[in-house]
$ cat data_5.txt   # compact mmCIF, C-alpha atoms and all ligand atoms
# COMPACT_ATOMS: atom_id res chain seq x y z
CA MET A 33 0.00 0.00 0.00
CA GLU A 34 1.32 3.44 -0.94
CA ILE A 35 1.34 5.91 1.83
CA ASN A 36 2.17 9.59 1.93
CA LYS A 37 4.55 11.33 4.31
CA GLU A 38 1.97 12.37 6.91
CA LEU A 39 0.43 8.93 7.05
CA LYS A 40 3.84 7.27 7.27
CA GLU A 41 4.67 9.41 10.28
CA ILE A 42 1.40 8.50 12.02
CA VAL A 43 1.90 4.81 11.24
CA ASP A 44 5.46 4.90 12.64
CA LEU A 45 4.23 6.73 15.71
CA THR A 46 1.52 4.11 16.29
CA SER A 47 4.07 1.34 16.01
CA LYS A 48 6.47 3.16 18.35
CA LEU A 49 3.71 3.65 20.96
CA ILE A 50 2.81 -0.07 20.80
CA GLN A 51 6.44 -0.84 21.67
CA TYR A 52 5.88 0.60 25.16
CA PRO A 53 4.12 -2.26 26.99
CA THR A 54 1.88 0.05 29.02
CA VAL A 55 -0.10 -2.78 30.56
CA ASN A 56 -2.74 -1.89 33.13
CA PRO A 57 -3.23 -3.56 35.50
CA PRO A 58 -0.57 -3.49 36.83
CA ALA A 59 0.65 -0.04 35.72
CA THR A 60 3.83 -0.70 33.75
CA ASN A 61 6.08 1.53 31.63
CA MET A 62 3.69 4.46 31.97
CA GLN A 63 6.41 7.01 32.72
CA ASP A 64 8.53 5.97 29.73
CA ALA A 65 5.63 6.19 27.30
CA ALA A 66 4.47 9.50 28.77
CA THR A 67 7.97 10.96 28.55
CA PHE A 68 8.22 9.89 24.92
CA MET A 69 5.03 11.79 24.05
CA TYR A 70 5.96 14.80 26.13
CA GLU A 71 9.36 15.02 24.45
CA MET A 72 7.88 14.62 21.00
CA LEU A 73 5.45 17.51 21.58
CA SER A 74 8.09 19.72 23.19
CA ARG A 75 10.48 19.08 20.33
CA HIS A 76 7.91 20.60 18.00
CA GLY A 77 7.59 23.70 20.13
CA ILE A 78 4.32 22.73 21.75
CA ASP A 79 3.65 23.79 25.31
CA ALA A 80 3.49 20.36 26.97
CA LYS A 81 3.78 19.09 30.50
CA LEU A 82 3.56 15.89 32.47
CA LYS A 83 0.84 15.98 35.10
CA GLU A 84 0.22 13.51 37.86
CA TYR A 85 -3.04 13.79 39.77
CA ALA A 86 -2.34 10.47 41.48
CA LYS A 87 1.12 9.07 42.05
CA GLY A 88 2.27 6.68 39.33
CA TRP A 89 -0.46 7.68 36.87
CA PRO A 90 0.97 10.23 34.42
CA VAL A 91 -1.06 12.44 32.11
CA VAL A 92 0.58 14.04 29.09
CA TYR A 93 -1.01 17.47 28.72
CA ALA A 94 -0.44 20.04 25.98
CA GLU A 95 -1.96 23.22 24.62
CA ALA A 96 -1.63 24.69 21.14
CA GLY A 97 -3.45 27.09 18.82
CA ASN A 98 -4.71 30.40 20.19
CA LYS A 99 -4.27 29.99 23.92
CA ARG A 100 -6.09 33.24 24.71
CA SER A 101 -9.22 32.22 22.83
CA LYS A 102 -12.35 31.56 24.86
CA LYS A 103 -13.07 28.59 22.66
CA SER A 104 -11.33 25.32 23.34
CA LEU A 105 -11.45 21.72 22.24
CA LEU A 106 -9.89 18.71 23.95
CA LEU A 107 -8.37 15.78 22.08
CA THR A 108 -7.94 12.93 24.50
CA GLY A 109 -7.38 9.22 24.86
CA HIS A 110 -5.64 6.60 26.93
CA PHE A 111 -2.26 4.99 26.38
CA ASP A 112 -2.67 2.15 28.86
CA VAL A 113 -3.59 -1.26 27.41
CA VAL A 114 -5.10 -4.47 28.77
CA PRO A 115 -2.74 -7.45 29.33
CA PRO A 116 -1.92 -9.50 26.20
CA GLY A 117 -3.04 -12.86 27.64
CA ASP A 118 -1.20 -15.90 26.29
CA GLU A 119 1.60 -14.36 24.19
CA LYS A 120 1.95 -17.57 22.17
CA SER A 121 -1.52 -17.01 20.77
CA TRP A 122 -0.24 -13.89 18.98
CA LYS A 123 0.95 -14.04 15.38
CA TYR A 124 3.57 -11.36 16.20
CA GLY A 125 4.81 -10.27 19.59
CA PRO A 126 2.14 -8.06 21.19
CA TYR A 127 4.68 -5.23 21.63
CA GLU A 128 6.44 -5.42 18.27
CA GLY A 129 4.15 -2.92 16.59
CA LYS A 130 4.60 -5.05 13.47
CA LEU A 131 3.50 -3.54 10.19
CA GLU A 132 2.30 -6.15 7.72
CA GLY A 133 0.41 -5.40 4.54
CA ASN A 134 -2.20 -2.81 5.40
CA LYS A 135 -2.30 -3.50 9.13
CA ILE A 136 -0.35 -2.68 12.28
CA TYR A 137 -0.48 -5.46 14.86
CA GLY A 138 -0.02 -5.28 18.61
CA ARG A 139 -1.69 -4.80 21.95
CA GLY A 140 -3.27 -1.36 21.89
CA ALA A 141 -3.06 -1.02 18.09
CA SER A 142 -6.74 -0.09 17.86
CA ASP A 143 -7.42 0.54 21.57
CA MET A 144 -6.05 3.10 21.27
CA LYS A 145 -2.49 3.90 20.30
CA ALA A 146 -3.41 4.63 16.68
CA GLY A 147 -5.95 7.15 17.98
CA ILE A 148 -3.29 8.77 20.20
CA ALA A 149 -0.81 8.85 17.31
CA ILE A 150 -3.29 10.74 15.09
CA MET A 151 -3.97 13.25 17.86
CA LEU A 152 -0.26 13.80 18.56
CA TYR A 153 0.35 14.39 14.88
CA LEU A 154 -2.58 16.81 14.61
CA MET A 155 -1.30 18.79 17.59
CA LYS A 156 1.92 19.59 15.83
CA GLU A 157 0.34 19.99 12.41
CA LEU A 158 -2.42 22.36 13.53
CA ALA A 159 -0.59 24.20 16.32
CA GLU A 160 -0.25 27.36 14.26
CA LYS A 161 -3.31 26.85 12.11
CA VAL A 162 -6.28 26.96 14.46
CA ASP A 163 -7.69 30.07 16.10
CA TYR A 164 -8.92 28.42 19.29
CA LYS A 165 -7.25 26.61 22.14
CA LEU A 166 -6.49 23.05 21.09
CA ILE A 167 -5.77 20.82 24.08
CA PHE A 168 -4.29 17.32 24.12
CA ALA A 169 -4.37 14.94 27.06
CA ALA A 170 -3.19 11.32 27.10
CA VAL A 171 -4.20 9.43 30.24
CA SER A 172 -2.81 6.24 31.74
CA ASP A 173 -5.64 4.56 33.65
CA GLU A 174 -8.69 4.27 31.40
CA GLU A 175 -8.61 0.47 31.47
CA THR A 176 -9.00 0.54 35.25
CA GLY A 177 -11.74 3.15 35.41
CA GLY A 178 -10.14 6.57 34.91
CA LYS A 179 -10.32 7.65 38.55
CA ASN A 180 -6.66 8.67 38.63
CA CYS A 181 -6.60 10.73 35.44
CA SER A 182 -9.71 11.69 33.44
CA LYS A 183 -11.84 12.15 36.54
CA HIS A 184 -9.45 14.89 37.73
CA LEU A 185 -8.92 16.32 34.27
CA ALA A 186 -12.69 16.83 33.91
CA GLU A 187 -12.65 18.76 37.20
CA GLU A 188 -9.84 20.98 36.02
CA ILE A 189 -10.67 22.03 32.48
CA MET A 190 -13.91 23.01 30.74
CA PRO A 191 -13.44 22.61 26.99
CA ASP A 192 -16.38 23.37 24.69
CA PHE A 193 -16.10 19.94 23.17
CA VAL A 194 -14.22 16.70 23.86
CA LEU A 195 -13.07 14.24 21.22
CA ILE A 196 -11.90 10.83 22.44
CA GLY A 197 -9.98 8.73 19.93
CA GLU A 198 -11.26 5.30 21.03
CA PRO A 199 -11.93 2.89 18.16
CA SER A 200 -15.22 3.59 16.38
CA GLY A 201 -14.13 3.11 12.78
CA PRO A 202 -13.95 5.97 10.27
CA ASN A 203 -17.65 5.90 9.42
CA SER A 204 -19.04 5.69 12.94
CA LEU A 205 -19.48 8.28 15.67
CA ILE A 206 -20.15 7.16 19.21
CA ILE A 207 -22.22 9.69 21.12
CA GLY A 208 -23.01 7.79 24.30
CA GLU A 209 -22.58 4.75 26.46
CA LYS A 210 -24.55 2.53 28.78
CA GLY A 211 -24.22 2.80 32.52
CA LEU A 212 -22.35 0.26 34.57
CA MET A 213 -23.89 -1.83 37.35
CA GLN A 214 -21.49 -4.54 38.50
CA VAL A 215 -22.50 -6.29 41.68
CA LYS A 216 -21.33 -9.07 43.95
CA LEU A 217 -23.90 -11.26 45.65
CA ILE A 218 -22.85 -13.09 48.77
CA CYS A 219 -25.01 -15.85 50.19
CA LYS A 220 -24.48 -17.68 53.46
CA GLY A 221 -25.98 -21.02 54.50
CA ARG A 222 -25.41 -23.69 57.13
CA PRO A 223 -23.18 -26.73 56.60
CA ALA A 224 -24.38 -30.32 57.03
CA HIS A 225 -23.41 -33.73 55.70
CA GLY A 226 -24.16 -34.06 52.01
CA SER A 227 -26.27 -37.12 52.70
CA LEU A 228 -28.52 -35.17 55.06
CA PRO A 229 -29.15 -31.89 53.23
CA SER A 230 -32.37 -31.21 55.16
CA PHE A 231 -30.23 -30.45 58.23
CA GLY A 232 -28.34 -27.68 56.46
CA ILE A 233 -29.00 -24.60 54.36
CA ASN A 234 -27.44 -24.75 50.92
CA ALA A 235 -25.95 -21.36 50.01
CA ILE A 236 -25.43 -22.39 46.37
CA GLU A 237 -29.10 -23.18 45.86
CA LYS A 238 -30.18 -19.97 47.51
CA LEU A 239 -27.80 -17.94 45.40
CA ILE A 240 -29.03 -19.65 42.23
CA GLU A 241 -32.58 -18.62 43.16
CA ASP A 242 -31.42 -15.02 43.43
CA LEU A 243 -29.50 -15.14 40.16
CA LEU A 244 -32.50 -16.49 38.29
CA SER A 245 -34.66 -13.79 39.79
CA LEU A 246 -32.09 -11.06 39.05
CA SER A 247 -31.77 -12.23 35.44
CA LYS A 248 -35.36 -10.99 34.95
CA ILE A 249 -33.95 -7.46 35.04
CA ASN A 250 -33.43 -8.05 31.35
CA ASP A 251 -37.21 -7.88 30.85
CA LEU A 252 -37.54 -4.44 32.40
CA LYS A 253 -38.84 -2.23 29.61
CA ILE A 254 -36.96 1.05 29.53
CA GLU A 255 -38.26 4.16 27.82
CA ILE A 256 -35.31 5.18 25.65
CA PRO A 257 -35.03 8.99 25.27
CA TYR A 258 -36.67 10.14 22.05
CA ASP A 259 -33.51 11.58 20.44
CA LEU A 260 -31.72 8.23 20.95
CA LYS A 261 -34.27 5.80 19.53
CA ASP A 262 -32.78 5.66 16.04
CA VAL A 263 -29.24 5.63 17.42
CA ILE A 264 -29.92 2.55 19.56
CA LYS A 265 -31.68 0.70 16.79
CA ASN A 266 -28.83 1.50 14.47
CA THR A 267 -26.27 0.32 17.05
CA GLU A 268 -27.95 -3.06 17.49
CA GLU A 269 -28.02 -3.53 13.72
CA GLU A 270 -24.34 -2.61 13.42
CA LEU A 271 -23.29 -4.94 16.24
CA LEU A 272 -25.21 -7.83 14.70
CA LYS A 273 -23.65 -7.13 11.32
CA GLU A 274 -20.13 -7.22 12.80
CA HIS A 275 -20.93 -10.34 14.81
CA GLY A 276 -22.02 -12.12 11.65
CA GLU A 277 -24.47 -14.60 13.17
CA LYS A 278 -28.18 -13.98 13.44
CA ILE A 279 -29.49 -13.68 16.99
CA LYS A 280 -33.21 -13.69 17.59
CA ASN A 281 -34.60 -10.82 19.61
CA PHE A 282 -31.26 -9.09 20.11
CA LYS A 283 -31.89 -6.32 22.63
CA ASP A 284 -28.58 -6.12 24.51
CA VAL A 285 -28.30 -2.37 23.94
CA GLU A 286 -31.86 -1.20 24.62
CA ARG A 287 -32.36 -3.37 27.70
CA ILE A 288 -30.39 -3.87 30.91
CA SER A 289 -27.97 -6.64 29.97
CA PHE A 290 -27.26 -9.42 32.45
CA ASN A 291 -24.11 -11.56 32.68
CA ILE A 292 -22.91 -13.77 35.52
CA GLY A 293 -19.13 -13.46 35.22
CA ILE A 294 -17.95 -15.35 38.30
CA ILE A 295 -19.48 -17.86 40.64
CA LYS A 296 -17.72 -19.50 43.58
CA GLY A 297 -19.06 -21.68 46.33
CA GLY A 298 -18.91 -24.95 48.19
CA ILE A 299 -15.93 -26.91 49.46
CA LYS A 300 -16.66 -30.57 48.74
CA VAL A 301 -19.25 -32.73 47.02
CA ASN A 302 -20.51 -34.29 50.25
CA VAL A 303 -20.83 -31.06 52.24
CA VAL A 304 -23.85 -28.73 52.18
CA ALA A 305 -22.31 -25.47 51.01
CA ASP A 306 -22.47 -22.71 53.59
CA TYR A 307 -21.02 -20.02 51.32
CA CYS A 308 -21.51 -18.93 47.72
CA GLU A 309 -20.77 -15.72 45.85
CA ALA A 310 -21.32 -14.45 42.34
CA GLU A 311 -20.29 -11.38 40.36
CA VAL A 312 -22.79 -10.03 37.89
CA ASP A 313 -22.24 -7.45 35.15
CA MET A 314 -25.29 -5.43 34.13
CA ARG A 315 -25.23 -2.55 31.65
CA VAL A 316 -27.91 0.08 31.85
CA PRO A 317 -29.23 2.06 28.86
CA PRO A 318 -30.14 5.76 28.91
CA GLY A 319 -33.77 6.14 30.03
CA ILE A 320 -33.28 5.02 33.63
CA LYS A 321 -31.06 6.50 36.35
CA ILE A 322 -28.47 4.16 37.75
CA GLU A 323 -29.88 4.67 41.29
CA ASP A 324 -33.29 3.44 40.11
CA ALA A 325 -31.76 0.48 38.31
CA ILE A 326 -29.89 -0.46 41.49
CA ASP A 327 -33.07 -0.19 43.59
CA TYR A 328 -34.91 -2.38 41.12
CA ALA A 329 -32.11 -4.97 41.13
CA LYS A 330 -31.95 -5.05 44.91
CA LYS A 331 -35.64 -5.89 45.12
CA LEU A 332 -35.11 -8.95 42.91
CA VAL A 333 -32.53 -10.38 45.30
CA LYS A 334 -34.01 -12.07 48.38
CA ASN A 335 -31.38 -14.36 49.94
CA SER A 336 -28.04 -12.71 49.30
CA GLU A 337 -26.09 -9.68 50.42
CA PHE A 338 -26.04 -7.15 47.57
CA ASN A 339 -22.73 -5.31 47.05
CA ILE A 340 -21.98 -2.78 44.32
CA LEU A 341 -18.55 -3.33 42.76
CA GLN A 342 -18.75 -0.52 40.22
CA SER A 343 -21.48 1.72 38.91
CA SER A 344 -21.85 4.65 36.54
CA GLN A 345 -24.70 6.59 34.95
CA PRO A 346 -25.73 5.87 31.37
CA ASN A 347 -24.72 9.02 29.50
CA TYR A 348 -24.81 10.55 26.06
CA THR A 349 -24.48 13.73 24.07
CA SER A 350 -27.56 14.42 21.98
CA PRO A 351 -27.24 13.73 18.25
CA ASN A 352 -28.76 17.22 17.89
CA ASN A 353 -25.84 18.90 19.64
CA VAL A 354 -24.18 21.41 17.27
CA TYR A 355 -20.69 19.91 17.59
CA ILE A 356 -22.02 16.44 16.87
CA LYS A 357 -24.01 17.60 13.85
CA LYS A 358 -20.97 19.33 12.49
CA PHE A 359 -18.94 16.16 12.99
CA VAL A 360 -21.52 14.12 11.12
CA ASP A 361 -21.18 16.61 8.24
CA SER A 362 -17.39 16.22 8.30
CA VAL A 363 -17.56 12.42 8.22
CA LYS A 364 -20.02 12.49 5.32
CA ARG A 365 -17.88 14.95 3.40
CA ILE A 366 -14.54 13.20 3.91
CA ALA A 367 -15.30 9.50 4.53
CA GLY A 368 -18.71 8.96 2.96
CA GLN A 369 -21.37 7.43 5.14
CA ALA A 370 -21.84 8.39 8.83
CA ASN A 371 -23.33 6.08 11.47
CA THR A 372 -24.24 7.44 14.89
CA LEU A 373 -23.95 4.85 17.69
CA LEU A 374 -24.23 4.31 21.43
CA ILE A 375 -21.83 1.69 22.82
CA PRO A 376 -22.48 -0.84 25.56
CA GLY A 377 -19.07 -0.38 27.25
CA ALA A 378 -18.00 2.55 29.42
CA THR A 379 -15.33 5.12 28.47
CA ASP A 380 -13.73 8.11 30.19
CA GLY A 381 -16.27 10.24 28.29
CA ARG A 382 -18.62 9.90 31.23
CA TYR A 383 -16.50 12.19 33.41
CA PHE A 384 -16.85 15.05 30.96
CA ARG A 385 -20.51 14.41 30.22
CA SER A 386 -21.23 14.53 33.95
CA LYS A 387 -20.00 18.17 33.74
CA ASN A 388 -22.36 18.81 30.83
CA ILE A 389 -19.55 18.93 28.31
CA PRO A 390 -20.43 17.35 24.95
CA VAL A 391 -18.26 14.34 24.11
CA LEU A 392 -17.76 12.33 20.95
CA ILE A 393 -15.82 9.09 20.51
CA TYR A 394 -14.18 8.78 17.13
CA GLY A 395 -11.05 6.91 16.10
CA PRO A 396 -9.51 4.17 13.95
CA GLY A 397 -10.16 0.48 14.60
CA LYS A 398 -13.11 -1.86 14.65
CA LEU A 399 -15.54 -2.03 17.56
CA ASN A 400 -14.81 -5.72 18.12
CA THR A 401 -10.98 -5.91 17.82
CA PRO A 402 -9.89 -4.35 21.14
CA HIS A 403 -8.79 -6.73 23.92
CA THR A 404 -8.46 -9.70 21.50
CA TYR A 405 -5.37 -11.65 20.35
CA ASN A 406 -3.75 -10.26 17.20
CA GLU A 407 -5.29 -6.86 17.84
CA TYR A 408 -4.68 -4.70 14.78
CA VAL A 409 -5.54 -1.43 13.17
CA GLU A 410 -5.90 -0.90 9.43
CA ILE A 411 -3.83 1.83 7.86
CA GLU A 412 -6.80 2.84 5.73
CA ASP A 413 -8.79 3.46 8.93
CA ILE A 414 -6.00 5.63 10.29
CA GLU A 415 -5.89 7.61 7.08
CA LYS A 416 -9.64 8.21 6.95
CA CYS A 417 -9.93 9.14 10.61
CA TYR A 418 -6.95 11.47 10.32
CA ASN A 419 -8.49 13.21 7.31
CA VAL A 420 -11.88 13.58 9.00
CA LEU A 421 -10.37 14.88 12.24
CA LYS A 422 -8.11 17.33 10.45
CA TYR A 423 -11.00 18.70 8.43
CA TYR A 424 -13.18 18.94 11.50
CA LEU A 425 -10.56 20.65 13.65
CA MET A 426 -9.88 23.20 10.92
CA ASN A 427 -13.57 24.05 10.68
CA VAL A 428 -15.20 23.22 13.99
CA PHE A 429 -15.87 26.76 15.19
CA ASN A 430 -16.51 28.28 11.76
CA LYS A 431 -20.04 29.45 11.23
CA LEU A 432 -21.17 27.23 14.02
CA ASP A 433 -23.99 29.58 15.02
CA GLU A 434 -25.03 30.38 11.49
CA LYS A 435 -25.55 26.77 10.56
CA ASN A 436 -27.77 25.80 13.45
ZN ZN A 501 -9.97 2.02 25.01
$ encode --input "data_5.txt" --output "structure tokens"
Amino acid sequence: MEINKELKEIVDLTSKLIQYPTVNPPATNMQDAATFMYEMLSRHGIDAKLKEYAKGWPVVYAEAGNKRSKKSLLLTGHFDVVPPGDEKSWKYGPYEGKLEGNKIYGRGASDMKAGIAIMLYLMKELAEKVDYKLIFAAVSDEETGGKNCSKHLAEEIMPDFVLIGEPSGPNSLIIGEKGLMQVKLICKGRPAHGSLPSFGINAIEKLIEDLLSLSKINDLKIEIPYDLKDVIKNTEEELLKEHGEKIKNFKDVERISFNIGIIKGGIKVNVVADYCEAEVDMRVPPGIKIEDAIDYAKKLVKNSEFNILQSSQPNYTSPNNVYIKKFVDSVKRIAGQANTLLIPGATDGRYFRSKNIPVLIYGPGKLNTPHTYNEYVEIEDIEKCYNVLKYYLMNVFNKLDEKN
């Protein structure tokens, strides 16, 4: 594949970033990767610094463009990656950043070192060209919830618009995400000999009762906000298309999803189990507050202790928001078709949306390649996303009021 100078530089940068094994958890090589980005920006005359809101969790922060402008836009993303799993299952080493044909392979290729590489490149390319404050922030703890970086960043700065370069693919824009409700149920019983179960209380059976009851949360009909109805329908169609197989009655996005991830209990076949626990992952669509979803879930559980492991509000930026509409126009103009989606998984976008800042997720890579073996990103995706982002950043504040 023939590639021009700009694209070559972004491809090399992606590959270079993959070579830092910034695995989280545990946090490894974060400082080295952060220093590399900081030095690259500084070398090009960009006002960059390394921040650390929490010890051991660096944030690369930079400002370019017109720093006195009242208008500002944040380009952000994470440079931590999930562990590679069994390294022998990879075609190339997960940290080689191997370029083969039209793809770059490696852990983080799509999630989201290619996205970071595009943003770094745009910072230096557009530093003197835009008449607003263009901010860049690369964070190191998205994969473990963002509490050490993006949460603080969203307290500190108030950009007009936030663009996160997580993988969406060049023709898709992600405007929202489901809420998170991860719980641990703990059930206690009374031990007895396995041959005389009537003398004991079986914690496993009692927990199973609760799990079956809790699984009914999937049937709760949720009134999806009007401006999101098409987006959710569209998302379910897209996910099914990528998945390839037909699934009857697929409603994982519009309903509260239910998955038992872990179950542990019992000590021996001939003992009545006096302890059992399970961890359940439920994802909550916009249309219900997380507090109400939790209350509803609690009522379904009768025998077990109900503990929240992690929770977050479902959140989205309206497809009618001016910055989103303008982005849709840019995608159509530069890349062709534009799909607006809401994703089931959580991103750091929620911290900014909770401050009423509009957020859009847009970056190279497929929705279903992150966190898999042989993770890759296609160079064509990088090129298209780069072109769209460049066009958008050059025009974002032009005639914004006139058009809407
Ligand atoms: Zn990610």
$ closest_residue --input "data_5.txt" --among "A:Ile206, A:Leu425, A:Ala66, A:Val113" --to "ligand ZN 501 (chain A)" --atoms "all atoms listed in the file"
A:Val113
$ residues_around --input "data_5.txt" --residues "Asn56 (chain A)" --least-positions-apart "2" --cutoff "7 Å" --atoms "only C-alpha atoms" --output "PDB file with C-alpha atoms, in the frame of the given file"
ATOM      1  CA  THR A  54       1.880   0.050  29.020  1.00  0.00           C
ATOM      2  CA  PRO A  58      -0.570  -3.490  36.830  1.00  0.00           C
ATOM      3  CA  ALA A  59       0.650  -0.040  35.720  1.00  0.00           C
ATOM      4  CA  THR A  60       3.830  -0.700  33.750  1.00  0.00           C
ATOM      5  CA  ASP A 112      -2.670   2.150  28.860  1.00  0.00           C
ATOM      6  CA  VAL A 113      -3.590  -1.260  27.410  1.00  0.00           C
ATOM      7  CA  VAL A 114      -5.100  -4.470  28.770  1.00  0.00           C
ATOM      8  CA  PRO A 115      -2.740  -7.450  29.330  1.00  0.00           C
ATOM      9  CA  GLU A 175      -8.610   0.470  31.470  1.00  0.00           C
TER      10      GLU A 175
END
$ closest_residue --input "data_5.txt" --among "A:Pro396, A:Gly97, A:Pro53, A:Pro199" --to "ligand ZN 501 (chain A)" --atoms "all atoms listed in the file"
A:Pro199
$ residues_near_ligand --input "data_5.txt" --ligand "ligand ZN 501 (chain A)" --cutoff "9 Å" --atoms "only C-alpha atoms and all ligand atoms" --output "VMD selection string"
chain A and resid 109 to 114 140 142 to 144 174 to 175 197 to 199 379 to 380 402 to 403
$ residues_around --input "data_5.txt" --residues "Asn291 (chain A)" --least-positions-apart "2" --cutoff "10 Å" --atoms "all atoms listed in the file" --output "list in words"
Gln214, Leu243, Ser247, Ser289, Gly293, Ile294, Glu311, Val312, Asp313, Met314 and Arg315 of chain A
$ atom_distance --input "data_5.txt" --atom1 "CA of Tyr424 (chain A)" --atom2 "CA of Lys37 (chain A)"
20.6 Å
$ atom_distance --input "data_5.txt" --atom1 "CA of Phe231 (chain A)" --atom2 "CA of Leu332 (chain A)"
26.8 Å
$ closest_residue --input "data_5.txt" --among "A:Leu105, A:Val92, A:Leu271, A:Cys181" --to "Val162 (chain A)" --atoms "all atoms listed in the file"
A:Leu105
$ atom_distance --input "data_5.txt" --atom1 "CA of Asn266 (chain A)" --atom2 "CA of Tyr423 (chain A)"
25.5 Å
$ residues_around --input "data_5.txt" --residues "Ser344 (chain A)" --least-positions-apart "2" --cutoff "9 Å" --atoms "only C-alpha atoms" --output "CSV table (one decimal) with C-alpha atoms, in the coordinates of the input"
chain,number,residue,atom,x,y,z
A,210,LYS,CA,-24.6,2.5,28.8
A,211,GLY,CA,-24.2,2.8,32.5
A,212,LEU,CA,-22.4,0.3,34.6
A,213,MET,CA,-23.9,-1.8,37.4
A,316,VAL,CA,-27.9,0.1,31.8
A,322,ILE,CA,-28.5,4.2,37.8
A,342,GLN,CA,-18.8,-0.5,40.2
A,346,PRO,CA,-25.7,5.9,31.4
A,347,ASN,CA,-24.7,9.0,29.5
A,378,ALA,CA,-18.0,2.6,29.4
A,382,ARG,CA,-18.6,9.9,31.2
$ closest_atom_pairs --input "data_5.txt" --of "region 122-224 of chain A" --to "region 361-364 of chain A" --cutoff "10 Å" --atoms "only C-alpha atoms" --output "tab-separated table"
residue	atom	partner	partner_atom	distance
A:Pro202	CA	A:Val363	CA	7.7
A:Asn203	CA	A:Val363	CA	6.6
A:Ser204	CA	A:Val363	CA	8.4
A:Leu205	CA	A:Val363	CA	8.7
$ residues_near_point --input "data_5.txt" --point "(-28.3, 16.7, 20.8)" --cutoff "7 Å" --atoms "only C-alpha atoms" --output "short mmCIF file (atom, residue, chain, number, x, y, z; two decimals) with C-alpha atoms, keeping the file's coordinate frame"
data_model
loop_
_atom_site.label_atom_id
_atom_site.label_comp_id
_atom_site.auth_asym_id
_atom_site.auth_seq_id
_atom_site.Cartn_x
_atom_site.Cartn_y
_atom_site.Cartn_z
CA THR A 349 -24.48 13.73 24.07
CA SER A 350 -27.56 14.42 21.98
CA PRO A 351 -27.24 13.73 18.25
CA ASN A 352 -28.76 17.22 17.89
CA ASN A 353 -25.84 18.90 19.64
#
$ residues_around --input "data_5.txt" --residues "region 386-392 of chain A" --least-positions-apart "2" --cutoff "8 Å" --atoms "all atoms listed in the file" --output "list in words"
Ala186, Met190, Pro191, Asp192, Phe193, Val194, Leu195, Ile196, Leu205, Ile206, Ile207, Gly208, Asn347, Tyr348, Thr349, Asn353, Tyr355, Ile356, Gly381, Arg382, Tyr383, Phe384 and Tyr394 of chain A
$ residues_around --input "data_5.txt" --residues "Leu152 (chain A)" --least-positions-apart "5" --cutoff "8 Å" --atoms "only C-alpha atoms" --output "PDB file with C-alpha atoms, in the frame of the given file"
ATOM      1  CA  MET A  69       5.030  11.790  24.050  1.00  0.00           C
ATOM      2  CA  LEU A  73       5.450  17.510  21.580  1.00  0.00           C
ATOM      3  CA  PHE A 168      -4.290  17.320  24.120  1.00  0.00           C
TER       4      PHE A 168
END
$ closest_residue --input "data_5.txt" --among "A:Ile249, A:Ala329, A:Val301, A:Ile254" --to "Pro229 (chain A)" --atoms "only C-alpha atoms"
A:Val301
$ closest_residue --input "data_5.txt" --among "A:Leu166, A:Ile78, A:Ile189, A:Leu341" --to "Met426 (chain A)" --atoms "all atoms listed in the file"
A:Leu166
$ closest_residue --input "data_5.txt" --among "A:Ala370, A:Lys220, A:Asn400, A:Tyr137" --to "Gln51 (chain A)" --atoms "only C-alpha atoms"
A:Tyr137
$ build_atoms --input "data_5.txt" --residues "region 298-307 of chain A" --atoms "N, CA and C atoms" --output "mmCIF file, keeping the file's coordinate frame"
data_model
loop_
_atom_site.group_PDB
_atom_site.id
_atom_site.type_symbol
_atom_site.label_atom_id
_atom_site.label_comp_id
_atom_site.auth_asym_id
_atom_site.auth_seq_id
_atom_site.Cartn_x
_atom_site.Cartn_y
_atom_site.Cartn_z
ATOM 1 N N GLY A 298 -19.039 -23.542 47.826
ATOM 2 C CA GLY A 298 -18.910 -24.950 48.190
ATOM 3 C C GLY A 298 -17.487 -25.363 48.415
ATOM 4 N N ILE A 299 -17.296 -26.450 49.210
ATOM 5 C CA ILE A 299 -15.930 -26.910 49.460
ATOM 6 C C ILE A 299 -15.734 -28.373 49.058
ATOM 7 N N LYS A 300 -16.824 -29.144 48.991
ATOM 8 C CA LYS A 300 -16.660 -30.570 48.740
ATOM 9 C C LYS A 300 -18.021 -31.130 48.338
ATOM 10 N N VAL A 301 -17.992 -32.204 47.554
ATOM 11 C CA VAL A 301 -19.250 -32.730 47.020
ATOM 12 C C VAL A 301 -20.197 -33.208 48.121
ATOM 13 N N ASN A 302 -19.630 -33.724 49.219
ATOM 14 C CA ASN A 302 -20.510 -34.290 50.250
ATOM 15 C C ASN A 302 -20.746 -33.340 51.436
ATOM 16 N N VAL A 303 -20.561 -32.043 51.185
ATOM 17 C CA VAL A 303 -20.830 -31.060 52.240
ATOM 18 C C VAL A 303 -21.888 -30.073 51.720
ATOM 19 N N VAL A 304 -22.885 -29.771 52.548
ATOM 20 C CA VAL A 304 -23.850 -28.730 52.180
ATOM 21 C C VAL A 304 -23.116 -27.397 52.232
ATOM 22 N N ALA A 305 -23.120 -26.688 51.117
ATOM 23 C CA ALA A 305 -22.310 -25.470 51.010
ATOM 24 C C ALA A 305 -22.864 -24.379 51.915
ATOM 25 N N ASP A 306 -21.990 -23.795 52.718
ATOM 26 C CA ASP A 306 -22.470 -22.710 53.590
ATOM 27 C C ASP A 306 -22.058 -21.340 53.053
ATOM 28 N N TYR A 307 -21.409 -21.316 51.882
ATOM 29 C CA TYR A 307 -21.020 -20.020 51.320
ATOM 30 C C TYR A 307 -21.057 -20.083 49.802
#
